[in-house]
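Engineer: Contents of run-v8.cif (mmCIF, C-alpha atoms) are given next:
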```
data_model
loop_
_atom_site.label_atom_id
_atom_site.label_comp_id
_atom_site.auth_asym_id
_atom_site.auth_seq_id
_atom_site.Cartn_x
_atom_site.Cartn_y
_atom_site.Cartn_z
CA MET T 35 0.00 0.00 0.00
CA ALA T 36 1.42 3.37 -0.97
CA ALA T 37 2.14 5.80 1.83
CA PRO T 38 -0.04 8.95 1.80
CA PHE T 39 1.52 12.23 0.76
CA PRO T 40 2.74 14.24 3.77
CA PRO T 41 0.71 17.36 4.50
CA PRO T 42 2.18 20.59 3.08
CA PRO T 43 4.28 22.62 5.51
CA GLY T 44 2.97 25.67 7.32
CA PRO T 45 4.05 29.18 6.40
CA ARG T 46 7.63 30.19 7.05
CA PHE T 47 6.30 33.21 8.94
CA VAL T 48 3.26 35.47 9.09
CA LEU T 49 3.07 39.26 8.89
CA ARG T 50 0.40 40.93 11.00
CA GLY T 51 -0.54 44.55 11.54
CA THR T 52 -2.37 45.77 8.43
CA GLN T 53 -5.61 45.98 10.46
CA SER T 54 -7.46 45.63 7.17
CA PRO T 55 -7.93 42.98 4.45
CA VAL T 56 -4.89 42.66 2.17
CA ASN T 57 -5.78 43.28 -1.49
CA THR T 58 -2.43 43.17 -3.27
CA LEU T 59 1.24 42.24 -2.76
CA HIS T 60 4.48 43.03 -4.56
CA PHE T 61 8.07 42.01 -3.74
CA CYS T 62 10.72 44.66 -4.20
CA PRO T 63 13.26 43.30 -6.73
CA ALA T 64 16.46 42.07 -5.08
CA SER T 65 18.52 44.51 -7.16
CA GLN T 66 16.68 47.42 -5.52
CA ALA T 67 16.44 46.07 -1.96
CA LEU T 68 20.16 46.60 -1.17
CA GLY T 69 20.43 43.58 1.11
CA ASN T 70 17.14 44.25 2.94
CA PRO T 71 14.37 42.27 1.19
CA LEU T 72 11.12 44.25 1.12
CA LEU T 73 7.49 43.37 0.52
CA PHE T 74 4.81 45.92 -0.33
CA SER T 75 1.19 45.29 0.64
CA GLY T 76 -1.92 47.25 -0.29
CA SER T 77 -4.90 47.13 2.06
CA GLN T 78 -8.61 47.74 1.84
CA SER T 79 -8.18 50.71 4.20
CA GLY T 80 -6.13 52.54 1.55
CA LEU T 81 -2.70 52.10 3.15
CA VAL T 82 0.42 50.73 1.51
CA HIS T 83 2.67 48.95 4.02
CA ILE T 84 6.37 48.41 3.36
CA TRP T 85 7.61 45.29 5.18
CA SER T 86 11.17 44.28 5.99
CA LEU T 87 11.44 40.52 5.51
CA GLN T 88 14.47 40.51 7.81
CA THR T 89 12.82 42.09 10.85
CA ARG T 90 9.31 40.97 9.77
CA ARG T 91 7.98 44.41 10.69
CA THR T 92 6.69 47.41 8.79
CA VAL T 93 9.24 49.98 7.68
CA ALA T 94 6.64 52.56 6.63
CA ALA T 95 2.95 53.03 5.85
CA LEU T 96 2.00 55.17 2.83
CA ASN T 97 -1.36 56.94 2.95
CA GLY T 98 -2.28 58.30 -0.47
CA HIS T 99 -5.66 56.85 -1.41
CA LYS T 100 -8.09 58.65 0.93
CA GLY T 101 -9.16 55.53 2.76
CA GLN T 102 -10.11 53.68 -0.44
CA GLY T 103 -8.71 50.22 -1.12
CA VAL T 104 -5.34 49.76 -2.84
CA THR T 105 -5.70 47.29 -5.73
CA TRP T 106 -2.26 47.15 -7.40
CA LEU T 107 1.40 47.86 -6.61
CA LYS T 108 4.53 47.88 -8.77
CA THR T 109 8.07 49.18 -8.36
CA LEU T 110 9.65 50.89 -11.35
CA PRO T 111 12.91 49.66 -12.92
CA GLN T 112 14.99 52.71 -11.99
CA GLY T 113 14.43 51.91 -8.31
CA HIS T 114 13.11 53.82 -5.30
CA GLN T 115 9.82 54.53 -7.09
CA LEU T 116 6.50 52.77 -6.53
CA LEU T 117 3.18 52.88 -8.36
CA SER T 118 -0.02 52.31 -6.37
CA GLN T 119 -3.53 52.05 -7.80
CA GLY T 120 -6.56 52.68 -5.59
CA ARG T 121 -10.32 52.60 -5.66
CA ASP T 122 -10.21 56.38 -5.20
CA LEU T 123 -9.63 56.50 -8.98
CA ARG T 124 -6.01 57.55 -8.57
CA LEU T 125 -2.72 56.03 -9.62
CA CYS T 126 0.07 57.41 -7.41
CA LEU T 127 3.79 57.53 -8.17
CA TRP T 128 5.79 57.45 -4.92
CA ASP T 129 9.37 58.57 -4.30
CA LEU T 130 10.85 56.12 -1.78
CA ALA T 131 14.49 57.28 -2.00
CA GLU T 132 16.21 58.03 1.31
CA GLY T 133 13.03 57.43 3.27
CA ARG T 134 11.07 60.25 1.63
CA ASN T 135 7.86 58.25 0.95
CA THR T 136 6.17 61.14 -0.88
CA ILE T 137 3.83 61.28 -3.87
CA MET T 138 5.63 62.63 -6.96
CA ASP T 139 2.72 62.49 -9.40
CA THR T 140 -0.80 61.10 -9.85
CA VAL T 141 -2.87 59.85 -12.78
CA GLN T 142 -6.66 60.15 -12.61
CA LEU T 143 -8.49 56.96 -13.61
CA ASP T 144 -12.03 56.63 -14.92
CA SER T 145 -12.78 53.03 -13.90
CA VAL T 146 -13.34 51.79 -10.36
CA GLY T 147 -13.60 48.12 -11.36
CA PHE T 148 -11.27 45.30 -10.41
CA CYS T 149 -8.93 45.68 -13.40
CA LYS T 150 -5.30 46.34 -12.45
CA SER T 151 -2.82 48.47 -14.33
CA SER T 152 0.29 47.02 -15.97
CA VAL T 153 3.85 48.23 -16.57
CA LEU T 154 6.31 47.17 -19.25
CA ALA T 155 9.93 48.16 -18.64
CA ARG T 156 11.91 49.09 -21.76
CA GLY T 157 15.14 49.92 -19.97
CA GLN T 158 16.08 51.68 -16.76
CA LEU T 159 14.56 55.04 -17.71
CA CYS T 160 11.88 53.98 -20.20
CA TRP T 161 8.67 52.20 -19.26
CA MET T 162 5.11 51.94 -20.49
CA LEU T 163 1.94 52.07 -18.41
CA ALA T 164 -1.49 50.64 -19.27
CA VAL T 165 -4.45 51.63 -17.08
CA PRO T 166 -8.06 50.37 -17.18
CA GLY T 167 -10.81 52.33 -18.90
CA LYS T 168 -14.60 52.09 -18.86
CA GLY T 169 -15.19 50.84 -22.40
CA SER T 170 -14.50 47.30 -23.56
CA ASP T 171 -12.33 48.75 -26.34
CA GLU T 172 -10.46 51.22 -24.17
CA THR T 173 -7.11 50.44 -22.62
CA ASN T 174 -4.79 53.41 -22.28
CA SER T 175 -1.12 52.87 -23.07
CA SER T 176 1.86 54.24 -24.93
CA PRO T 177 3.13 52.49 -28.09
CA ARG T 178 4.10 49.81 -28.96
CA PRO T 179 3.94 46.22 -27.81
CA LEU T 180 1.08 43.78 -27.32
CA LEU T 181 -1.17 43.84 -24.27
CA LEU T 182 -3.23 41.03 -22.74
CA ALA T 183 -6.44 41.93 -20.90
CA GLY T 184 -9.11 39.89 -19.12
CA TYR T 185 -12.75 41.00 -19.26
CA GLU T 186 -15.95 40.65 -17.26
CA ASP T 187 -17.50 38.55 -20.04
CA GLY T 188 -14.90 35.85 -19.34
CA SER T 189 -12.74 36.54 -22.38
CA VAL T 190 -9.01 37.16 -22.72
CA THR T 191 -8.02 39.64 -25.43
CA LEU T 192 -4.72 40.47 -27.12
CA TRP T 193 -4.35 44.12 -28.18
CA ASP T 194 -1.99 45.72 -30.66
CA ILE T 195 -1.28 48.99 -28.86
CA LEU T 196 0.09 50.91 -31.85
CA GLU T 197 -2.87 50.04 -34.08
CA ARG T 198 -5.33 50.21 -31.15
CA LYS T 199 -7.01 47.08 -32.38
CA VAL T 200 -7.78 43.58 -31.14
CA CYS T 201 -5.44 40.93 -32.54
CA SER T 202 -7.21 37.96 -30.95
CA ARG T 203 -9.92 37.22 -28.41
CA ILE T 204 -10.82 33.91 -26.79
CA ALA T 205 -13.71 32.96 -24.50
CA CYS T 206 -12.03 31.21 -21.57
CA HIS T 207 -14.52 31.53 -18.72
CA GLU T 208 -18.23 31.74 -18.02
CA GLU T 209 -17.55 34.21 -15.19
CA PRO T 210 -15.52 37.47 -15.07
CA VAL T 211 -11.75 37.09 -15.38
CA MET T 212 -10.20 38.06 -12.03
CA GLY T 213 -6.52 37.60 -12.86
CA LEU T 214 -4.09 36.39 -15.52
CA ASP T 215 -0.37 35.90 -16.06
CA PHE T 216 1.77 35.23 -19.12
CA ASP T 217 4.96 33.25 -19.67
CA SER T 218 6.81 34.90 -22.57
CA GLN T 219 9.37 32.07 -22.71
CA LYS T 220 6.69 29.45 -23.42
CA ALA T 221 4.27 31.88 -25.18
CA LYS T 222 1.63 30.54 -22.83
CA GLY T 223 -0.63 32.16 -20.25
CA VAL T 224 -3.11 31.29 -17.53
CA SER T 225 -6.25 33.00 -16.26
CA GLY T 226 -8.62 32.54 -13.33
CA SER T 227 -12.14 33.77 -12.83
CA ALA T 228 -15.03 33.98 -10.40
CA GLY T 229 -15.85 30.43 -11.48
CA LYS T 230 -14.02 27.15 -10.86
CA VAL T 231 -11.91 26.96 -14.02
CA LEU T 232 -8.24 27.78 -14.55
CA ALA T 233 -7.69 28.30 -18.28
CA VAL T 234 -4.30 27.82 -19.94
CA TRP T 235 -3.92 29.40 -23.39
CA SER T 236 -1.17 29.82 -25.95
CA LEU T 237 -0.08 32.60 -28.30
CA ASP T 238 1.21 31.62 -31.74
CA GLY T 239 3.44 33.49 -34.19
CA GLN T 240 0.40 34.98 -35.93
CA GLN T 241 -0.64 36.69 -32.69
CA SER T 242 -3.58 34.34 -32.28
CA LEU T 243 -4.73 33.06 -28.87
CA GLN T 244 -5.84 29.44 -28.45
CA VAL T 245 -7.19 27.68 -25.37
CA TYR T 246 -4.60 25.02 -24.52
CA LYS T 247 -6.25 23.26 -21.58
CA THR T 248 -8.48 23.91 -18.59
CA HIS T 249 -8.30 22.74 -14.99
CA GLU T 250 -11.36 22.71 -12.76
CA LEU T 251 -10.95 23.49 -9.06
CA THR T 252 -13.09 22.23 -6.18
CA ASN T 253 -14.54 25.63 -5.31
CA PRO T 254 -15.27 28.78 -7.34
CA GLY T 255 -13.44 32.08 -7.03
CA ILE T 256 -9.83 32.61 -8.14
CA ALA T 257 -8.83 36.10 -7.05
CA GLU T 258 -5.34 36.02 -8.57
CA VAL T 259 -2.97 33.72 -10.42
CA THR T 260 0.78 34.20 -10.75
CA ILE T 261 3.64 32.26 -12.35
CA ARG T 262 6.93 32.04 -10.45
CA PRO T 263 9.80 33.93 -12.14
CA ASP T 264 11.63 30.67 -12.95
CA HIS T 265 8.53 29.43 -14.87
CA LYS T 266 8.38 26.17 -12.86
CA ILE T 267 5.25 26.56 -10.72
CA LEU T 268 2.23 28.83 -10.36
CA ALA T 269 0.02 29.80 -7.43
CA THR T 270 -3.61 30.84 -7.13
CA ALA T 271 -5.43 32.87 -4.48
CA GLY T 272 -8.82 31.35 -3.66
CA TRP T 273 -12.04 32.74 -2.26
CA ASP T 274 -12.28 29.37 -0.42
CA HIS T 275 -9.38 30.50 1.88
CA ARG T 276 -6.90 28.26 0.01
CA ILE T 277 -3.65 28.86 -1.85
CA ARG T 278 -3.15 26.30 -4.59
CA VAL T 279 0.19 25.48 -6.20
CA PHE T 280 0.56 23.80 -9.61
CA HIS T 281 3.37 22.58 -11.82
CA TRP T 282 3.28 25.13 -14.63
CA ARG T 283 4.16 22.89 -17.58
CA THR T 284 1.77 20.04 -16.73
CA MET T 285 -0.74 21.83 -14.46
CA LYS T 286 -0.36 18.97 -12.00
CA PRO T 287 -1.62 20.06 -8.55
CA LEU T 288 1.29 20.16 -6.10
CA ALA T 289 -0.12 21.60 -2.87
CA VAL T 290 -3.20 23.11 -1.25
CA LEU T 291 -2.17 25.52 1.50
CA ALA T 292 -4.95 25.89 4.07
CA PHE T 293 -3.73 28.51 6.52
CA HIS T 294 -5.99 31.54 6.14
CA SER T 295 -9.39 31.87 7.82
CA ALA T 296 -10.98 34.00 5.07
CA SER T 297 -10.72 34.54 1.31
CA VAL T 298 -7.20 34.85 -0.10
CA TYR T 299 -7.13 37.95 -2.30
CA CYS T 300 -3.58 37.96 -3.67
CA VAL T 301 -0.41 35.93 -4.22
CA ALA T 302 3.08 37.06 -5.27
CA PHE T 303 6.45 35.41 -5.87
CA ALA T 304 9.88 36.83 -5.14
CA THR T 305 12.73 36.14 -7.54
CA ASP T 306 14.22 33.67 -5.02
CA GLY T 307 10.97 31.67 -5.01
CA LEU T 308 9.47 32.97 -1.78
CA LEU T 309 5.66 33.05 -1.97
CA ALA T 310 3.47 35.62 -0.21
CA ALA T 311 -0.31 35.49 0.15
CA GLY T 312 -2.64 38.19 1.46
CA SER T 313 -6.10 37.59 2.85
CA LYS T 314 -9.34 39.13 4.01
CA ASP T 315 -8.28 37.88 7.47
CA GLN T 316 -5.74 40.77 7.54
CA ARG T 317 -2.72 38.45 7.55
CA ILE T 318 0.11 37.92 5.06
CA SER T 319 1.57 34.41 4.97
CA ILE T 320 5.11 33.82 3.66
CA TRP T 321 5.92 30.38 2.25
CA SER T 322 9.09 28.61 1.11
CA LEU T 323 8.03 25.84 -1.30
CA TYR T 324 9.82 23.89 -4.03
CA PRO T 325 13.07 25.90 -4.01
CA CYS T 326 14.21 27.46 -7.27
CA SER T 327 16.83 25.31 -8.99
#
```
Just give me the structure as structure tokens.

Structural biologist:
Amino acid sequence: MAAPFPPPPGPRFVLRGTQSPVNTLHFCPASQALGNPLLFSGSQSGLVHIWSLQTRRTVAALNGHKGQGVTWLKTLPQGHQLLSQGRDLRLCLWDLAEGRNTIMDTVQLDSVGFCKSSVLARGQLCWMLAVPGKGSDETNSSPRPLLLAGYEDGSVTLWDILERKVCSRIACHEEPVMGLDFDSQKAKGVSGSAGKVLAVWSLDGQQSLQVYKTHELTNPGIAEVTIRPDHKILATAGWDHRIRVFHWRTMKPLAVLAFHSASVYCVAFATDGLLAAGSKDQRISIWSLYPCS
């Protein structure tokens, strides 16, 4: 008789103190952390917390969204700058150099939905920003490259930014798309929705999207999906309080992490493979699973 699989380990440690559900997470790149690994978290209360992963305490709390939830965070390639998107219809650019923690600039948004912005770095001092708009044909960006977007009708769409036209659209889900990620090495992506299905799709040389395979989960509600930087595994954040980990190439389930006591809203990987998950229960769990080779 085969021995049962051992239960997955518990979190490496837990960060507490947001005093509000955690909506989004982002690891500061190692090249910018200067020996002090940092994690940014955005809360429903409108605060952005900067966490030291060495001391496991907050370094600073940024208050720029008038008490409205923070939905997306991203550091910029030149370092010491952070973008935060909030439900106050503002995108804030923060100067974090030398402990300043001040807002340098803001962009007014016209959509208060769940769609997150996206940044494409084109060098240290050149980057492109796409922000959500109200119309189904409206995604604001600078030229040129291609942009993937998930929609409330369950579709995933590939846009040509220069031509401002749709290259390809596929119907992946019966429920709104809540999150997606793309692996440019494999020309393959994955999306999750308010339903039970994880959809894996491919992009061919003619800029056409095709559904590759689907994987049905036990419970509905995938708040976010993210592929680890080494392209080996992916993680999902579940409304059923679970974090699920899959082998990216085969979509074989590897682990179900049942630590949180409420819906998991976000997951993020660090470049060294560390996994962070944020929850409605106001806690951030940090996991060390399947070390990067």

Engineer: I need the residue set behind the PyMOL selection byres ((chain T and resi 117) around 8) for this file; please write it as a list in words.

Structural biologist: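 Against this file, the PyMOL selection byres ((chain T and resi 117) around 8) returns the residues Trp106, Leu107, Lys108, Thr109, Leu110, Gln115, Leu116, Ser118, Gln119, Leu125, Cys126, Leu127 and Trp128 of chain T.
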
Engineer: Just so the selection is clear, what residues does the PyMOL selection byres ((chain T and resi 48) around 9) cover here, as an MDAnalysis selection string?

Structural biologist: chainID T and resid 45:47 49:50 90 317:321

Engineer: Identify which of the residues T:Glu209, T:Glu197, T:Glu250, T:Asp264 lies closest to Lys230 in chain T, counting all atoms listed in the file when measuring atom-to-atom distances.

Structural biologist: T:Glu250

Engineer: To test your reading of the syntax: which residues would the PyMOL selection byres ((chain T and resi 248) around 10) return for the file shown? Reply as a ChimeraX atom specification.

Structural biologist: /T:206-207,224-225,231-235,245-247,249-251,285

Engineer: With C-alpha atoms retained, export the selected residues as an mmCIF file, in the coordinates of the input.

Structural biologist:
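Done, and the output landed in result_10.cif:
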```
data_model
loop_
_atom_site.group_PDB
_atom_site.id
_atom_site.type_symbol
_atom_site.label_atom_id
_atom_site.label_comp_id
_atom_site.auth_asym_id
_atom_site.auth_seq_id
_atom_site.Cartn_x
_atom_site.Cartn_y
_atom_site.Cartn_z
ATOM 1 C CA CYS T 206 -12.030 31.210 -21.570
ATOM 2 C CA HIS T 207 -14.520 31.530 -18.720
ATOM 3 C CA VAL T 224 -3.110 31.290 -17.530
ATOM 4 C CA SER T 225 -6.250 33.000 -16.260
ATOM 5 C CA VAL T 231 -11.910 26.960 -14.020
ATOM 6 C CA LEU T 232 -8.240 27.780 -14.550
ATOM 7 C CA ALA T 233 -7.690 28.300 -18.280
ATOM 8 C CA VAL T 234 -4.300 27.820 -19.940
ATOM 9 C CA TRP T 235 -3.920 29.400 -23.390
ATOM 10 C CA VAL T 245 -7.190 27.680 -25.370
ATOM 11 C CA TYR T 246 -4.600 25.020 -24.520
ATOM 12 C CA LYS T 247 -6.250 23.260 -21.580
ATOM 13 C CA HIS T 249 -8.300 22.740 -14.990
ATOM 14 C CA GLU T 250 -11.360 22.710 -12.760
ATOM 15 C CA LEU T 251 -10.950 23.490 -9.060
ATOM 16 C CA MET T 285 -0.740 21.830 -14.460
#
```

Engineer: CA of Phe216 in chain T and CA of Val190 in chain T, how far apart in Å?

Structural biologist: 11.5 Å

Engineer: Taking only C-alpha atoms into account, which of T:Asp122, T:Asp238, T:Asp274, T:Asp217 comes nearest Arg262 in chain T?

Structural biologist: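 For Arg262 in chain T, the nearest of the candidates is T:Asp217.
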
Engineer: Point out the residue among T:Ala64, T:Leu309, T:Leu73, T:Cys201 with the least atom-to-atom distance to Gly113 in chain T, counting only C-alpha atoms.

Structural biologist: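 Of all the options, T:Ala64 lies closest to Gly113 in chain T.
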
Engineer: Please, what distance in Å, to one decimal, runs between CA of Arg134 in chain T and CA of Ala95 in chain T?

Structural biologist: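 For CA of Arg134 in chain T relative to CA of Ala95 in chain T, the distance reads 11.7 Å.
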
Engineer: Please indicate the distance in Å from CA of Leu96 in chain T to CA of Phe74 in chain T, rounded to one decimal place.

Structural biologist: 10.2 Å

Engineer: Measuring between only C-alpha atoms, which one of T:Val153, T:Leu143, T:Val93, T:Leu214 shows the shortest distance to Thr191 in chain T?

Structural biologist: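 Ranked by minimum distance to Thr191 in chain T, first place goes to T:Leu214.
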
Engineer: Can you work out which one of T:Asn70, T:Thr136, T:Ser202, T:Thr105 has the shortest atom-to-atom distance to Arg91 in chain T, counting only C-alpha atoms?

Structural biologist: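 Residue with the minimum atom-to-atom distance to Arg91 in chain T: T:Asn70.
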
Engineer: I'd like to know which of T:Leu237, T:Ile256, T:Ile267, T:Leu192 is closest to Gly213 in chain T, using only C-alpha atoms.

Structural biologist: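 Counting only C-alpha atoms, the residue closest to Gly213 in chain T is T:Ile256.
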